[in-house]
>>> print(open('start18.pdb').read())   # PDB, C-alpha atoms and all ligand atoms
ATOM      1  CA  MET A  21      21.972 -25.611 143.314
ATOM      2  CA  ILE A  22      23.133 -28.285 140.900
ATOM      3  CA  PRO A  23      23.164 -31.842 142.268
ATOM      4  CA  ALA A  24      26.467 -33.021 143.678
ATOM      5  CA  ASN A  25      26.630 -35.829 141.138
ATOM      6  CA  SER A  26      26.343 -33.581 138.082
ATOM      7  CA  ARG A  27      30.081 -33.761 137.493
ATOM      8  CA  GLN A  28      30.163 -37.548 137.619
ATOM      9  CA  GLY A  29      30.823 -39.671 134.569
ATOM     10  CA  PRO A  30      33.198 -39.055 131.691
ATOM     11  CA  SER A  31      34.616 -35.530 131.395
ATOM     12  CA  LEU A  32      35.328 -35.968 127.699
ATOM     13  CA  ILE A  33      32.551 -35.057 125.263
ATOM     14  CA  VAL A  34      33.235 -36.122 121.669
ATOM     15  CA  ALA A  35      31.677 -33.773 119.096
ATOM     16  CA  LEU A  36      29.928 -35.824 116.428
ATOM     17  CA  ASP A  37      30.156 -33.241 113.652
ATOM     18  CA  TYR A  38      28.773 -35.393 110.860
ATOM     19  CA  PRO A  39      26.245 -34.714 108.092
ATOM     20  CA  ASP A  40      24.191 -37.871 108.612
ATOM     21  CA  ALA A  41      23.200 -40.622 111.022
ATOM     22  CA  ASP A  42      25.225 -43.366 109.334
ATOM     23  CA  ALA A  43      28.514 -41.552 109.837
ATOM     24  CA  ALA A  44      27.618 -40.617 113.426
ATOM     25  CA  LEU A  45      26.577 -44.170 114.299
ATOM     26  CA  ALA A  46      29.693 -45.626 112.685
ATOM     27  CA  MET A  47      31.862 -43.377 114.870
ATOM     28  CA  SER A  48      29.853 -44.048 118.016
ATOM     29  CA  ALA A  49      30.317 -47.801 117.455
ATOM     30  CA  ARG A  50      34.048 -47.224 117.854
ATOM     31  CA  LEU A  51      33.651 -45.346 121.150
ATOM     32  CA  ASP A  52      32.885 -46.473 124.697
ATOM     33  CA  PRO A  53      30.091 -44.766 126.679
ATOM     34  CA  ALA A  54      32.024 -45.486 129.869
ATOM     35  CA  LEU A  55      34.817 -43.223 128.623
ATOM     36  CA  CYS A  56      33.105 -40.389 126.771
ATOM     37  CA  ARG A  57      29.881 -38.544 126.195
ATOM     38  CA  LEU A  58      28.734 -37.337 122.767
ATOM     39  CA  LYS A  59      27.752 -33.932 121.415
ATOM     40  CA  VAL A  60      25.118 -33.596 118.711
ATOM     41  CA  GLY A  61      25.044 -30.173 117.070
ATOM     42  CA  LYS A  62      22.829 -28.407 114.579
ATOM     43  CA  GLU A  63      24.010 -30.039 111.337
ATOM     44  CA  LEU A  64      23.616 -33.598 112.601
ATOM     45  CA  PHE A  65      20.398 -32.909 114.476
ATOM     46  CA  ILE A  66      18.775 -31.253 111.470
ATOM     47  CA  ALA A  67      19.844 -34.143 109.240
ATOM     48  CA  ALA A  68      19.194 -37.063 111.557
ATOM     49  CA  GLY A  69      16.855 -35.716 114.227
ATOM     50  CA  PRO A  70      15.536 -37.180 117.459
ATOM     51  CA  ASP A  71      15.813 -40.779 116.212
ATOM     52  CA  LEU A  72      19.580 -40.461 116.139
ATOM     53  CA  VAL A  73      19.671 -39.027 119.669
ATOM     54  CA  ARG A  74      17.538 -41.956 120.839
ATOM     55  CA  ALA A  75      19.816 -44.389 119.019
ATOM     56  CA  LEU A  76      22.928 -42.931 120.679
ATOM     57  CA  SER A  77      21.229 -43.044 124.071
ATOM     58  CA  GLY A  78      20.213 -46.631 123.341
ATOM     59  CA  LEU A  79      23.912 -47.439 122.892
ATOM     60  CA  GLY A  80      24.486 -46.134 126.406
ATOM     61  CA  PHE A  81      25.866 -42.679 125.573
ATOM     62  CA  GLU A  82      24.875 -39.515 127.370
ATOM     63  CA  VAL A  83      24.174 -36.800 124.809
ATOM     64  CA  PHE A  84      24.858 -33.069 124.923
ATOM     65  CA  LEU A  85      22.301 -31.568 122.518
ATOM     66  CA  ASP A  86      24.173 -28.450 121.374
ATOM     67  CA  LEU A  87      21.435 -26.446 119.660
ATOM     68  CA  LYS A  88      22.091 -23.120 121.457
ATOM     69  CA  PHE A  89      18.471 -22.038 121.699
ATOM     70  CA  HIS A  90      17.820 -18.280 121.449
ATOM     71  CA  ASP A  91      14.194 -17.246 121.071
ATOM     72  CA  ILE A  92      11.284 -15.857 123.047
ATOM     73  CA  PRO A  93      10.928 -17.431 126.514
ATOM     74  CA  ASN A  94       7.888 -19.546 125.651
ATOM     75  CA  THR A  95       9.562 -21.039 122.581
ATOM     76  CA  VAL A  96      12.818 -21.821 124.378
ATOM     77  CA  ALA A  97      10.878 -23.372 127.262
ATOM     78  CA  GLY A  98       9.154 -25.687 124.778
ATOM     79  CA  ALA A  99      12.444 -26.542 123.082
ATOM     80  CA  VAL A 100      14.252 -27.555 126.288
ATOM     81  CA  ARG A 101      11.178 -29.488 127.431
ATOM     82  CA  ALA A 102      11.281 -31.437 124.166
ATOM     83  CA  ALA A 103      15.014 -32.042 124.669
ATOM     84  CA  ALA A 104      14.357 -33.369 128.165
ATOM     85  CA  ALA A 105      11.691 -35.705 126.776
ATOM     86  CA  LEU A 106      14.349 -37.036 124.386
ATOM     87  CA  GLY A 107      16.445 -37.981 127.395
ATOM     88  CA  VAL A 108      19.477 -35.814 126.675
ATOM     89  CA  TRP A 109      22.097 -35.239 129.363
ATOM     90  CA  MET A 110      22.786 -31.563 128.575
ATOM     91  CA  VAL A 111      21.058 -28.848 126.577
ATOM     92  CA  ASN A 112      22.101 -25.237 126.005
ATOM     93  CA  VAL A 113      20.846 -21.743 125.220
ATOM     94  CA  HIS A 114      22.369 -18.363 124.330
ATOM     95  CA  ALA A 115      22.709 -16.214 127.458
ATOM     96  CA  SER A 116      22.071 -13.142 125.304
ATOM     97  CA  GLY A 117      18.439 -14.297 125.128
ATOM     98  CA  GLY A 118      18.204 -12.707 128.554
ATOM     99  CA  ARG A 119      17.046 -13.438 132.074
ATOM    100  CA  ARG A 120      13.401 -14.204 131.321
ATOM    101  CA  MET A 121      14.326 -16.589 128.513
ATOM    102  CA  MET A 122      16.790 -18.463 130.724
ATOM    103  CA  GLN A 123      14.387 -18.560 133.678
ATOM    104  CA  ALA A 124      11.684 -19.950 131.389
ATOM    105  CA  ALA A 125      14.082 -22.687 130.287
ATOM    106  CA  ARG A 126      14.913 -23.474 133.932
ATOM    107  CA  GLU A 127      11.240 -23.624 134.893
ATOM    108  CA  ALA A 128      10.436 -25.860 131.933
ATOM    109  CA  LEU A 129      13.092 -28.368 133.017
ATOM    110  CA  GLY A 130      12.314 -28.133 136.716
ATOM    111  CA  SER A 131      14.851 -28.061 139.524
ATOM    112  CA  PRO A 132      18.215 -29.661 138.861
ATOM    113  CA  GLY A 133      18.263 -33.305 139.851
ATOM    114  CA  PRO A 134      18.497 -36.853 138.582
ATOM    115  CA  GLY A 135      16.945 -37.215 135.143
ATOM    116  CA  VAL A 136      16.904 -33.461 134.515
ATOM    117  CA  PRO A 137      19.288 -32.395 131.732
ATOM    118  CA  LEU A 138      22.034 -29.985 132.706
ATOM    119  CA  LEU A 139      21.154 -26.550 131.350
ATOM    120  CA  THR A 140      24.108 -24.480 130.140
ATOM    121  CA  ALA A 141      24.525 -21.150 128.361
ATOM    122  CA  VAL A 142      26.857 -19.801 125.718
ATOM    123  CA  THR A 143      27.990 -16.280 126.648
ATOM    124  CA  VAL A 144      29.829 -14.626 123.736
ATOM    125  CA  LEU A 145      30.584 -16.942 120.818
ATOM    126  CA  THR A 146      34.319 -17.573 120.729
ATOM    127  CA  SER A 147      34.232 -16.809 117.010
ATOM    128  CA  MET A 148      33.475 -13.165 117.885
ATOM    129  CA  ASP A 149      36.089 -10.532 118.638
ATOM    130  CA  ALA A 150      35.707  -7.057 120.144
ATOM    131  CA  ALA A 151      34.941  -5.518 116.732
ATOM    132  CA  ASP A 152      32.140  -8.033 116.064
ATOM    133  CA  LEU A 153      30.729  -7.333 119.510
ATOM    134  CA  ALA A 154      30.884  -3.569 118.953
ATOM    135  CA  GLU A 155      28.864  -3.985 115.734
ATOM    136  CA  THR A 156      26.100  -5.556 117.800
ATOM    137  CA  GLY A 157      26.075  -2.490 120.051
ATOM    138  CA  VAL A 158      28.192  -3.907 122.885
ATOM    139  CA  SER A 159      31.119  -1.572 123.420
ATOM    140  CA  ASP A 160      32.364  -3.131 126.659
ATOM    141  CA  PRO A 161      35.511  -5.241 126.499
ATOM    142  CA  LEU A 162      34.782  -8.812 125.450
ATOM    143  CA  GLU A 163      35.793 -10.340 128.784
ATOM    144  CA  LYS A 164      33.494  -7.984 130.649
ATOM    145  CA  GLN A 165      30.581  -9.054 128.453
ATOM    146  CA  VAL A 166      31.454 -12.733 128.963
ATOM    147  CA  LEU A 167      31.473 -12.275 132.751
ATOM    148  CA  ARG A 168      28.269 -10.218 132.677
ATOM    149  CA  LEU A 169      26.426 -12.933 130.721
ATOM    150  CA  ALA A 170      27.990 -15.685 132.828
ATOM    151  CA  ALA A 171      26.704 -14.048 136.024
ATOM    152  CA  LEU A 172      23.275 -13.483 134.464
ATOM    153  CA  SER A 173      23.100 -17.162 133.488
ATOM    154  CA  VAL A 174      23.854 -18.329 137.005
ATOM    155  CA  GLU A 175      21.412 -15.804 138.518
ATOM    156  CA  SER A 176      18.768 -17.119 136.114
ATOM    157  CA  GLY A 177      19.189 -20.627 137.528
ATOM    158  CA  LEU A 178      21.340 -22.232 134.863
ATOM    159  CA  ASP A 179      23.709 -25.038 135.811
ATOM    160  CA  GLY A 180      26.698 -23.715 133.955
ATOM    161  CA  LEU A 181      28.354 -22.321 130.871
ATOM    162  CA  VAL A 182      29.935 -23.318 127.609
ATOM    163  CA  CYS A 183      33.056 -21.198 127.344
ATOM    164  CA  SER A 184      36.566 -20.970 126.028
ATOM    165  CA  ALA A 185      39.173 -22.599 128.258
ATOM    166  CA  ARG A 186      40.835 -19.172 128.241
ATOM    167  CA  GLU A 187      37.815 -17.742 130.028
ATOM    168  CA  VAL A 188      37.618 -20.423 132.714
ATOM    169  CA  THR A 189      39.975 -18.816 135.214
ATOM    170  CA  ALA A 190      38.159 -15.461 135.144
ATOM    171  CA  ILE A 191      34.745 -17.163 135.401
ATOM    172  CA  ARG A 192      35.873 -19.288 138.369
ATOM    173  CA  GLU A 193      37.300 -16.176 140.055
ATOM    174  CA  SER A 194      34.073 -14.298 139.647
ATOM    175  CA  LEU A 195      31.479 -17.083 140.100
ATOM    176  CA  GLY A 196      33.285 -19.715 142.155
ATOM    177  CA  ALA A 197      33.181 -23.497 141.924
ATOM    178  CA  ALA A 198      29.451 -24.039 141.436
ATOM    179  CA  PRO A 199      28.850 -23.497 137.709
ATOM    180  CA  VAL A 200      29.540 -26.472 135.467
ATOM    181  CA  LEU A 201      32.015 -25.307 132.803
ATOM    182  CA  VAL A 202      32.135 -26.965 129.388
ATOM    183  CA  THR A 203      35.013 -26.017 127.110
ATOM    184  CA  PRO A 204      35.587 -26.656 123.384
ATOM    185  CA  GLY A 205      38.624 -25.567 121.382
ATOM    186  CA  ILE A 206      40.847 -28.193 123.017
ATOM    187  CA  ARG A 207      43.801 -29.729 121.228
ATOM    188  CA  PRO A 208      45.755 -32.658 122.681
ATOM    189  CA  ALA A 209      49.515 -32.681 122.242
ATOM    190  CA  GLY A 210      50.570 -33.360 118.669
ATOM    191  CA  SER A 211      47.154 -32.926 117.044
ATOM    192  CA  ASP A 212      46.248 -30.613 114.191
ATOM    193  CA  SER A 213      44.552 -27.427 115.323
ATOM    194  CA  GLY A 214      42.344 -27.428 112.175
ATOM    195  CA  ASP A 215      40.324 -24.213 112.019
ATOM    196  CA  GLN A 216      40.572 -23.636 115.775
ATOM    197  CA  ARG A 217      42.645 -20.687 116.920
ATOM    198  CA  ARG A 218      43.996 -20.160 120.424
ATOM    199  CA  THR A 219      43.640 -23.796 121.465
ATOM    200  CA  VAL A 220      44.332 -25.125 124.966
ATOM    201  CA  GLY A 221      45.593 -28.580 125.953
ATOM    202  CA  PRO A 222      43.385 -31.058 127.846
ATOM    203  CA  ARG A 223      45.307 -30.948 131.098
ATOM    204  CA  GLU A 224      45.676 -27.165 131.013
ATOM    205  CA  ALA A 225      41.896 -26.843 130.549
ATOM    206  CA  MET A 226      41.103 -29.215 133.428
ATOM    207  CA  GLU A 227      43.615 -27.526 135.719
ATOM    208  CA  ALA A 228      42.120 -24.127 134.927
ATOM    209  CA  GLY A 229      38.786 -25.434 136.226
ATOM    210  CA  SER A 230      36.898 -26.914 133.265
ATOM    211  CA  ASP A 231      34.541 -29.751 134.134
ATOM    212  CA  PHE A 232      33.943 -31.115 130.642
ATOM    213  CA  LEU A 233      36.029 -30.877 127.475
ATOM    214  CA  VAL A 234      34.430 -30.922 124.022
ATOM    215  CA  ILE A 235      36.789 -32.497 121.501
ATOM    216  CA  GLY A 236      35.888 -33.352 117.916
ATOM    217  CA  ARG A 237      38.398 -33.989 115.168
ATOM    218  CA  PRO A 238      41.332 -35.099 117.347
ATOM    219  CA  VAL A 239      39.118 -38.133 118.096
ATOM    220  CA  THR A 240      36.885 -38.464 115.046
ATOM    221  CA  ALA A 241      39.657 -37.973 112.479
ATOM    222  CA  ALA A 242      42.126 -40.207 114.321
ATOM    223  CA  PRO A 243      43.035 -43.525 112.684
ATOM    224  CA  ASP A 244      42.021 -45.218 115.953
ATOM    225  CA  PRO A 245      39.390 -43.083 117.733
ATOM    226  CA  ALA A 246      39.228 -45.364 120.793
ATOM    227  CA  ALA A 247      42.985 -45.055 121.262
ATOM    228  CA  ALA A 248      42.723 -41.277 120.812
ATOM    229  CA  VAL A 249      40.125 -41.155 123.614
ATOM    230  CA  LEU A 250      42.409 -43.122 125.940
ATOM    231  CA  SER A 251      45.344 -40.911 125.113
ATOM    232  CA  ILE A 252      43.311 -37.730 125.766
ATOM    233  CA  LEU A 253      42.027 -39.139 129.063
ATOM    234  CA  SER A 254      45.546 -39.888 130.158
ATOM    235  CA  GLU A 255      46.584 -36.390 129.106
ATOM    236  CA  MET A 256      43.739 -35.035 131.200
ATOM    237  CA  SER A 257      45.107 -37.317 133.886
ATOM    238  CA  TYR A 258      41.781 -37.321 135.542
ATOM    239  CA  ARG A 259      39.238 -39.558 137.102
ATOM    240  CA  ASN A 260      38.044 -41.086 133.820
ATOM    241  CA  LEU A 261      40.432 -43.941 133.309
ATOM    242  CA  PRO A 262      38.975 -47.334 134.208
TER     243      PRO A 262
HETATM  244  O1  LIG A 301      36.772 -30.713 115.959
HETATM  245  P1  LIG A 301      36.813 -29.750 117.115
HETATM  246  O2  LIG A 301      37.486 -30.288 118.350
HETATM  247  O3  LIG A 301      37.351 -28.396 116.710
HETATM  248  O4  LIG A 301      35.273 -29.563 117.488
HETATM  249  C1  LIG A 301      34.869 -28.722 118.511
HETATM  250  C2  LIG A 301      33.387 -28.721 118.648
HETATM  251  O5  LIG A 301      33.023 -27.733 119.605
HETATM  252  C3  LIG A 301      32.620 -28.384 117.374
HETATM  253  O6  LIG A 301      31.384 -29.098 117.424
HETATM  254  C4  LIG A 301      32.411 -26.907 117.486
HETATM  255  O7  LIG A 301      31.279 -26.473 116.800
HETATM  256  C5  LIG A 301      32.212 -26.751 118.987
HETATM  257  N1  LIG A 301      32.504 -25.430 119.521
HETATM  258  C6  LIG A 301      33.740 -24.803 119.374
HETATM  259  N2  LIG A 301      33.955 -23.582 119.912
HETATM  260  C7  LIG A 301      32.994 -22.983 120.588
HETATM  261  C8  LIG A 301      31.754 -23.585 120.774
HETATM  262  C9  LIG A 301      31.554 -24.835 120.215
HETATM  263  O8  LIG A 301      34.636 -25.364 118.758
HETATM  264  N3  LIG A 301      33.242 -21.816 121.142
END
>>> encode(input="start18.pdb", output="structure tokens")
Amino acid sequence: MIPANSRQGPSLIVALDYPDADAALAMSARLDPALCRLKVGKELFIAAGPDLVRALSGLGFEVFLDLKFHDIPNTVAGAVRAAAALGVWMVNVHASGGRRMMQAAREALGSPGPGVPLLTAVTVLTSMDAADLAETGVSDPLEKQVLRLAALSVESGLDGLVCSAREVTAIRESLGAAPVLVTPGIRPAGSDSGDQRRTVGPREAMEAGSDFLVIGRPVTAAPDPAAAVLSILSEMSYRNLP
């Protein structure tokens, strides 16, 4: 069972999709850790590494390390252990790595609790459609595969899932309120959808049952990122406003 306080703190996670530490630190200086968390993905982590994660944490931000581990159980266990030692708030894996891989990650982190990063899984990448899935040998409908991997993740002891806001309702119906749901692909009113297709608005995503929204360019490309955060929080109309 995840701790009751795992949903506390800002529900907005700003994706720092930058090629280097300088750009990421410049953006983080314009943001407030009381109002948002930060996501560090593969490009930034490979370029700037653990020192950047420590620097962001030192500024007071909680960091979602979005490296989507998918490897043999022993390797993934070592990777999440290293992430926990870095002090990240959330780390994730690919559910398609299977039950033993996810259980190994859970065991490496220990039981959910204070100081233990939330452990989430990606089910089917939202960039994939039914034809892509079929090419990998999965002929079931995409939603069925998402729900199958979501259930497997929860059974394997994970705290939650990274999923499309369009999948949230079905996941809540099948797995209930317990899993923490993290949703990217969100576009506030009036913002450019960029390369995202099938976007969902912040309030719509929260009302569907998302716990955390991942939003990148609508904040990072805004002329005033701090104002964009406040506007998104008010659109979410949630518990995050001071
Ligand atoms: O700029 P934007 O809001 O589109 O950024 C969304 C972030 O969420 C990016 O870091 C992107 O890689 C990530 N993401 C996504 N869709 C997924 C999973 C992750 O957009 N299904």
>>> residues_near_point(input="start18.pdb", point="(33.8, -24.0, 128.4)", cutoff="9 Å", atoms="all atoms listed in the file", output="VMD selection string")
chain A and resid 142 181 to 188 200 to 205 225 230 to 234
>>> closest_atom_pairs(input="start18.pdb", of="chain A", to="ligand LIG 301 (chain A)", cutoff="10 Å", atoms="only C-alpha atoms and all ligand atoms", output="Markdown table")
| residue | atom | partner | partner_atom | distance |
| --- | --- | --- | --- | --- |
| A:Ile33 | CA | A:LIG301 | C2 | 9.2 |
| A:Val34 | CA | A:LIG301 | O2 | 7.9 |
| A:Ala35 | CA | A:LIG301 | O6 | 5.0 |
| A:Leu36 | CA | A:LIG301 | O6 | 7.0 |
| A:Asp37 | CA | A:LIG301 | O6 | 5.7 |
| A:Tyr38 | CA | A:LIG301 | O6 | 9.5 |
| A:Lys59 | CA | A:LIG301 | O6 | 7.2 |
| A:Val60 | CA | A:LIG301 | O6 | 7.8 |
| A:Gly61 | CA | A:LIG301 | O6 | 6.4 |
| A:Lys62 | CA | A:LIG301 | O7 | 8.9 |
| A:Glu63 | CA | A:LIG301 | O6 | 9.6 |
| A:Asp86 | CA | A:LIG301 | O6 | 8.2 |
| A:Lys88 | CA | A:LIG301 | C9 | 9.7 |
| A:Val142 | CA | A:LIG301 | C8 | 7.9 |
| A:Thr143 | CA | A:LIG301 | N3 | 9.4 |
| A:Val144 | CA | A:LIG301 | N3 | 8.4 |
| A:Leu145 | CA | A:LIG301 | N3 | 5.6 |
| A:Thr146 | CA | A:LIG301 | N3 | 4.4 |
| A:Ser147 | CA | A:LIG301 | N3 | 6.6 |
| A:Met148 | CA | A:LIG301 | N3 | 9.2 |
| A:Val182 | CA | A:LIG301 | C8 | 7.1 |
| A:Cys183 | CA | A:LIG301 | N3 | 6.2 |
| A:Ser184 | CA | A:LIG301 | N3 | 6.0 |
| A:Ala185 | CA | A:LIG301 | N3 | 9.3 |
| A:Val202 | CA | A:LIG301 | C8 | 9.3 |
| A:Thr203 | CA | A:LIG301 | C7 | 7.5 |
| A:Pro204 | CA | A:LIG301 | O5 | 4.7 |
| A:Gly205 | CA | A:LIG301 | O8 | 4.8 |
| A:Ile206 | CA | A:LIG301 | O2 | 6.1 |
| A:Arg207 | CA | A:LIG301 | O2 | 7.0 |
| A:Pro208 | CA | A:LIG301 | O2 | 9.6 |
| A:Asp212 | CA | A:LIG301 | O3 | 9.5 |
| A:Ser213 | CA | A:LIG301 | O3 | 7.4 |
| A:Gly214 | CA | A:LIG301 | O3 | 6.8 |
| A:Asp215 | CA | A:LIG301 | O3 | 7.0 |
| A:Gln216 | CA | A:LIG301 | O3 | 5.8 |
| A:Arg217 | CA | A:LIG301 | O3 | 9.4 |
| A:Thr219 | CA | A:LIG301 | O3 | 9.1 |
| A:Leu233 | CA | A:LIG301 | O5 | 9.0 |
| A:Val234 | CA | A:LIG301 | O5 | 5.6 |
| A:Ile235 | CA | A:LIG301 | O2 | 3.9 |
| A:Gly236 | CA | A:LIG301 | O1 | 3.4 |
| A:Arg237 | CA | A:LIG301 | O1 | 3.7 |
| A:Pro238 | CA | A:LIG301 | O2 | 6.2 |
| A:Val239 | CA | A:LIG301 | O2 | 8.0 |
| A:Thr240 | CA | A:LIG301 | O1 | 7.8 |
| A:Ala241 | CA | A:LIG301 | O1 | 8.6 |
>>> residues_around(input="start18.pdb", residues="A:Val249", least_positions_apart="3", cutoff="9 Å", atoms="only C-alpha atoms", output="MDAnalysis selection string")
chainID A and resid 32 34 51 55:56 238:239 244:246 252:254
>>> closest_residue(input="start18.pdb", among="A:Ala75, A:Ala44, A:Ala125, A:Leu153", to="A:Leu178", atoms="all atoms listed in the file")
A:Ala125
>>> residues_around(input="start18.pdb", residues="A:Pro39", least_positions_apart="3", cutoff="8 Å", atoms="all atoms listed in the file", output="ChimeraX atom specification")
/A:43,63-64,67
>>> decode(input="start18.pdb", residues="stretch 23-37 of chain A", atoms="N, CA, C and O atoms", output="mmCIF file, in the first residue's frame")
data_model
loop_
_atom_site.group_PDB
_atom_site.id
_atom_site.type_symbol
_atom_site.label_atom_id
_atom_site.label_comp_id
_atom_site.auth_asym_id
_atom_site.auth_seq_id
_atom_site.Cartn_x
_atom_site.Cartn_y
_atom_site.Cartn_z
ATOM 1 N N PRO A 23 1.932 5.066 0.855
ATOM 2 C CA PRO A 23 1.619 5.888 2.015
ATOM 3 C C PRO A 23 0.557 6.934 1.676
ATOM 4 O O PRO A 23 0.487 7.403 0.547
ATOM 5 N N ALA A 24 -0.229 7.272 2.681
ATOM 6 C CA ALA A 24 -1.329 8.210 2.466
ATOM 7 C C ALA A 24 -0.834 9.559 1.965
ATOM 8 O O ALA A 24 -1.556 10.267 1.278
ATOM 9 N N ASN A 25 0.406 9.906 2.311
ATOM 10 C CA ASN A 25 0.884 11.240 1.933
ATOM 11 C C ASN A 25 1.521 11.282 0.544
ATOM 12 O O ASN A 25 2.066 12.292 0.145
ATOM 13 N N SER A 26 1.453 10.165 -0.205
ATOM 14 C CA SER A 26 2.189 10.152 -1.471
ATOM 15 C C SER A 26 1.589 11.085 -2.507
ATOM 16 O O SER A 26 2.222 11.383 -3.502
ATOM 17 N N ARG A 27 0.361 11.524 -2.286
ATOM 18 C CA ARG A 27 -0.231 12.472 -3.234
ATOM 19 C C ARG A 27 -0.071 13.917 -2.766
ATOM 20 O O ARG A 27 -0.610 14.824 -3.394
ATOM 21 N N GLN A 28 0.633 14.123 -1.669
ATOM 22 C CA GLN A 28 0.794 15.492 -1.186
ATOM 23 C C GLN A 28 1.814 16.251 -2.034
ATOM 24 O O GLN A 28 2.613 15.650 -2.724
ATOM 25 N N GLY A 29 1.770 17.567 -1.903
ATOM 26 C CA GLY A 29 2.720 18.387 -2.653
ATOM 27 C C GLY A 29 2.160 18.734 -4.012
ATOM 28 O O GLY A 29 1.060 18.315 -4.374
ATOM 29 N N PRO A 30 2.926 19.506 -4.785
ATOM 30 C CA PRO A 30 2.415 19.981 -6.070
ATOM 31 C C PRO A 30 2.031 18.857 -7.022
ATOM 32 O O PRO A 30 2.746 17.863 -7.152
ATOM 33 N N SER A 31 0.894 19.024 -7.698
ATOM 34 C CA SER A 31 0.438 18.024 -8.675
ATOM 35 C C SER A 31 0.978 18.302 -10.069
ATOM 36 O O SER A 31 0.749 17.508 -10.976
ATOM 37 N N LEU A 32 1.639 19.434 -10.224
ATOM 38 C CA LEU A 32 2.185 19.789 -11.539
ATOM 39 C C LEU A 32 3.667 19.410 -11.594
ATOM 40 O O LEU A 32 4.448 19.791 -10.716
ATOM 41 N N ILE A 33 4.013 18.642 -12.617
ATOM 42 C CA ILE A 33 5.415 18.249 -12.832
ATOM 43 C C ILE A 33 5.860 18.896 -14.141
ATOM 44 O O ILE A 33 5.310 18.594 -15.207
ATOM 45 N N VAL A 34 6.827 19.793 -14.065
ATOM 46 C CA VAL A 34 7.315 20.468 -15.278
ATOM 47 C C VAL A 34 8.437 19.640 -15.899
ATOM 48 O O VAL A 34 9.429 19.318 -15.227
ATOM 49 N N ALA A 35 8.257 19.285 -17.175
ATOM 50 C CA ALA A 35 9.266 18.480 -17.887
ATOM 51 C C ALA A 35 10.402 19.392 -18.341
ATOM 52 O O ALA A 35 10.203 20.304 -19.142
ATOM 53 N N LEU A 36 11.587 19.134 -17.797
ATOM 54 C CA LEU A 36 12.764 19.914 -18.194
ATOM 55 C C LEU A 36 13.423 19.221 -19.384
ATOM 56 O O LEU A 36 14.411 18.507 -19.235
ATOM 57 N N ASP A 37 12.852 19.410 -20.559
ATOM 58 C CA ASP A 37 13.415 18.759 -21.752
ATOM 59 C C ASP A 37 14.456 19.673 -22.381
ATOM 60 O O ASP A 37 14.185 20.360 -23.371
#
